[in-house]
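S.K.: Mind looking over this structure? Questions follow.
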Amino acid sequence: MASYLWVRGQTWFFQLRPPSDLKPFLGSTPFRVRLLVQTRREASRCARHLAGLAERWFSEMRYRGFTKLRVHSDEGDETWTDQDHLESQAATRGRFMEVLLAEVQRINRKAEEWETLNRIKKTASPDDAEAASEKQNKIFDSVTEGWNGFAKEFLQDYETVFADMQSKSHSLRRTAQKLDDLNENYRDDFYDWKEKVSKISAEARASETAKNLANEVNTGALSELQTALKNNAEIQSRLLYEGPLLSECLNVFLDAKTEQLPSDSREPAYFEHRLNAFISIVGDKKIAAYNISDLGLLAQRLQYLPKRHSVASEWRDKTLLQVIEENSARQNKGRCLSEVTVRVNYIGKIKTTFRWLCSEYKVKYPFAYDNVLIPTHLASSIERSSLDADKLNVLFRECVNNVEKKRPEDVWLPLLAYLTGARLAELVELRLTDIKRYHGEDIVDLTTRVEDDEGVEENRRVKNRESRRKFALHRKLRELGFIDWVEGQRQAGHKFLFPDLRRAKRPSHAASKRFQRLFKKKLGWEPEFVFHSLRHSFKDWTRSLNVSERTIAIQAGHALDGVALNYGSKKLRPDEFKLLASLPLQEGVDLGVFEGKPFPRPSTPPVRSVPPVDPGLRSLSPKDHGRSAELVFRSEKLIANKHEAMDGNELDIRKLRQDLGMTQRFFAETFGFSCGVVRDWEQGRGRPGRSAQARLLAIMRAPERMTVSGNGWHDRMPE
């Protein structure tokens, strides 16, 4: 045990004897301080720190010249009594003990903060753990911050000592004056008094020299202290910096996010919407001036925000705050955001943004290690359920009902999702080159790089690292004719497995909406059953057959949890491909409805414009001259039905589109409208404006002359 550390019962003490050369100023009694710790390790660490500070103070006393001074009583100076000496020692010791006790209290507080951060780091995310480590470094640096104050107090004590010495010097001068007066009155004792005066003068000169030396040392110390205080002021100013306003630096984050992601990614716009909502509700502040209560206020206000506030016609022309205020005042409120949406899609995105901005502008993160108070009555999220055998049979019968009129994706996607466990987005984005033979089984390979529309090779877009995998196709798919249909798609020259979905700006989103309408409106199922339920059904099916959890996770693209599962191959082995491809079907599931059915109609490439039509084609059948002649044929039929006489208020856009034999999306792409606008017109949620009315009337009269170019739509006259 160190000589400056000892224990009495369960209490630890720090004890240190003054150095021998400083005992005239500090006395010989040891300094003793109680340590606010429990263990020997903590006591040893705290004692070493106090010993270091004490040694720095002793060194500073030596540097300032204390050891060069002499206590007057040691040299026989009757004006400096023992009581003066003891009082000087007590004052100096008292100041040193106060500083030691204050340092013990400060170390104890910092140690508590350090241990709290250690516990947080064990369960925090990598970003939070890094922030905790940075804060621990700051705590370590701050442990020595008290030295400036310590030095300042020391200099005050030092100045007091010199003031006492100066007072002694004045007292000596007054004594010399009195001796001079006595010399006038007692000339007989002149030589004796002269000797005494010389002695006193020598002492006065020595005292004056010591005072000058102390003043020089004091001046240097004050200069150093002023420099330290100036540096502290700069550091304090830097610590108080709170960064720019959120609205001013928002685009910096969005630009960085845009550079990180593909050019067509919607995530920057997604972040921008969330951050603008945050500014609208909480206000625009400096990024480090926000606090955790601001996130609580955001959650409190978002509990009244309708789910479809951005698309529903009743909210379309209102600001976010107006929508919240109006909906909160209603007795029958619209369906609002769920607790998961508020916590993850709003608060989570805002925290991500602030972590990046605070790191970029070197300011403190305002939301560290605090929980946001989420309103307890926020709607709970819908828990998705798997489809049982009865529901699977209903779905598959609907897929093959009038199969010759259905789109290929409407037939194959539910079956693929159930038999493979793949995500909808993964299946929608499949390319024909992804479907291969491997060890005698049909598989899908998502590990390769792909080419974009311009032929430039790029990384495949997948949800996460585990999604970049190879997964097995069940042998039943080959028996039902899926693989033959894939070969037909290859021979037709298609690049994607479902090229019709590529017409949508967001193919997977369009497919999800389509199946959502099927499940909810046509089949009448509850909201807990969605396309993703087929992925749950795959997991239940394979688990019922005692397939290992590792095999199921890799097939579905999930992470392997635990050290044991992460040992060995991270991909499916050949035996696992064979196992998954040959699993017996779930009891009660009937895939016989697919047998003997004709393949879905072949996919057709998207058409975005209508070329000029030769007037001579008007008398020919549309089957002989393609889409342009068909539009001419249908336009003549419309004119015969006198649709051209309708004004903008009487336009029946649904009938116009159906008479042209177009889907909503094909109609919108052909004539330069937004698909959502066309849908709103047909459902009565909006009316076309003047320019749109003119365009629609022109389409009625001559659809073959209306086209879309890069600069918009125009009436193309035949040459």
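Labeling convention for the structure tokens: chains A, B, ... as they appear, residues from 1 per chain, ligands from 1 in order of appearance.
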Determine which residues of region 230-360 of chain A receive a DSSP assignment of helix (DSSP H, G or I), computed from the backbone, and state them as an MDAnalysis selection string.

M.R.: chainID A and resid 230:239 246:260 267:282 292:302 313:315 320:329 339:360

S.K.: List every residue of region 382-599 of chain A that DSSP, applied to the backbone, labels as strand (DSSP E), and write the result as an NGL selection string.

M.R.: :A and (435-438 or 441-445 or 450-451 or 457-458 or 470-472)

S.K.: Between A:Glu134, A:Asp388, A:Asp317, A:Glu208, which has the minimum distance to Ser537 (chain A) (counting only C-alpha atoms)?

M.R.: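 Among the listed residues, A:Asp388 lies closest to Ser537 (chain A).
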
S.K.: Extract, using only C-alpha atoms, all DNA, RNA and protein residues at most 10 Å from Pro688 (chain A), discarding same-chain residues fewer than 4 positions from it, and format them as an MDAnalysis selection string.

M.R.: chainID A and resid 648:649 651 653 677:678 680:681 692:696

S.K.: Can those selected residues be exported to a file as a PDB file, in the first residue's frame so that it contains C-alpha atoms?

M.R.:
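Just written: out.pdb:
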ATOM      1  CA  GLY A 648     -64.445  20.907 -68.955  1.00  0.00           C
ATOM      2  CA  ASN A 649     -67.123  20.432 -66.292  1.00  0.00           C
ATOM      3  CA  LEU A 651     -65.654  15.641 -69.057  1.00  0.00           C
ATOM      4  CA  ILE A 653     -62.207  11.187 -67.900  1.00  0.00           C
ATOM      5  CA  VAL A 677     -53.837  13.507 -60.814  1.00  0.00           C
ATOM      6  CA  VAL A 678     -55.651  11.201 -63.240  1.00  0.00           C
ATOM      7  CA  ASP A 680     -58.030  12.032 -58.393  1.00  0.00           C
ATOM      8  CA  TRP A 681     -59.991  13.271 -61.429  1.00  0.00           C
ATOM      9  CA  ALA A 692     -55.751  20.420 -68.546  1.00  0.00           C
ATOM     10  CA  GLN A 693     -59.303  20.781 -69.904  1.00  0.00           C
ATOM     11  CA  ALA A 694     -57.951  22.031 -73.221  1.00  0.00           C
ATOM     12  CA  ARG A 695     -55.537  19.136 -73.392  1.00  0.00           C
ATOM     13  CA  LEU A 696     -58.253  16.565 -72.595  1.00  0.00           C
TER      14      LEU A 696
END

S.K.: Using only C-alpha atoms, determine which residues lie at most 10 Å from Asn464 (chain A), disregarding the query and same-chain residues fewer than 5 positions distant; provide the list as number ranges by chain.

M.R.: A: 557-559

S.K.: Need to verify the contact set: region 267-272 of chain A, 10 Å, only C-alpha atoms, exclusion of same-chain residues closer than 4 positions in sequence. Can you return it as a ChimeraX atom specification?

M.R.: /A:250-251,253-262,276-278,345-346,349-350,352-353

S.K.: Please provide the set of residues having any atom within 9 Å of region 5-7 of chain A, restricted to only C-alpha atoms, with same-chain residues fewer than 2 positions apart removed, written as a list of chain:residue names.

M.R.: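 Listing them by chain and then by number gives A:Met1, A:Ala2, A:Ser3, A:Gly9, A:Gln10, A:Thr11, A:Trp12, A:Phe13, A:Phe14, A:Gln15, A:Leu16, A:Ala43, A:Ser44, A:Ala47, A:Arg48.
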
S.K.: Region 472-519 of chain A near region 580-589 of chain A within 12 Å: what's each residue's closest atom pair and its distance in Å to one decimal, counting only C-alpha atoms, ordered by chain then ascending residue number, as a Markdown table?

M.R.:
| residue | atom | partner | partner_atom | distance |
| --- | --- | --- | --- | --- |
| A:Ala472 | CA | A:Ala581 | CA | 6.0 |
| A:Leu473 | CA | A:Ala581 | CA | 5.8 |
| A:His474 | CA | A:Ala581 | CA | 4.0 |
| A:Arg475 | CA | A:Ala581 | CA | 5.3 |
| A:Lys476 | CA | A:Ala581 | CA | 8.1 |
| A:Leu477 | CA | A:Ala581 | CA | 9.5 |
| A:Arg478 | CA | A:Ala581 | CA | 10.4 |
| A:Glu479 | CA | A:Ala581 | CA | 11.9 |

S.K.: Can you pull out every residue within 10 Å of region 407-419 of chain A, counting only C-alpha atoms, but drop anything in the same chain fewer than 3 positions away, and send it as a VMD selection string?

M.R.: chain A and resid 387 392 395 to 401 403 to 404 422 to 424 426 to 428 472 to 477 482 485 497 to 501 511 514 to 515 518 531 to 539 541 to 542 580 to 581 583 585 591 594 599 to 603

S.K.: Calculated over only C-alpha atoms, which of the candidates A:Arg687, A:Lys122, A:Pro18, A:Arg34 has the smallest distance to Gln89 (chain A)?

M.R.: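 Result for the nearest residue to Gln89 (chain A): A:Pro18.
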
S.K.: Can you measure CA of Arg119 (chain A) to CA of Arg40 (chain A) for me? One decimal in Å is fine.

M.R.: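 Separation of CA of Arg119 (chain A) and CA of Arg40 (chain A): 20.9 Å.
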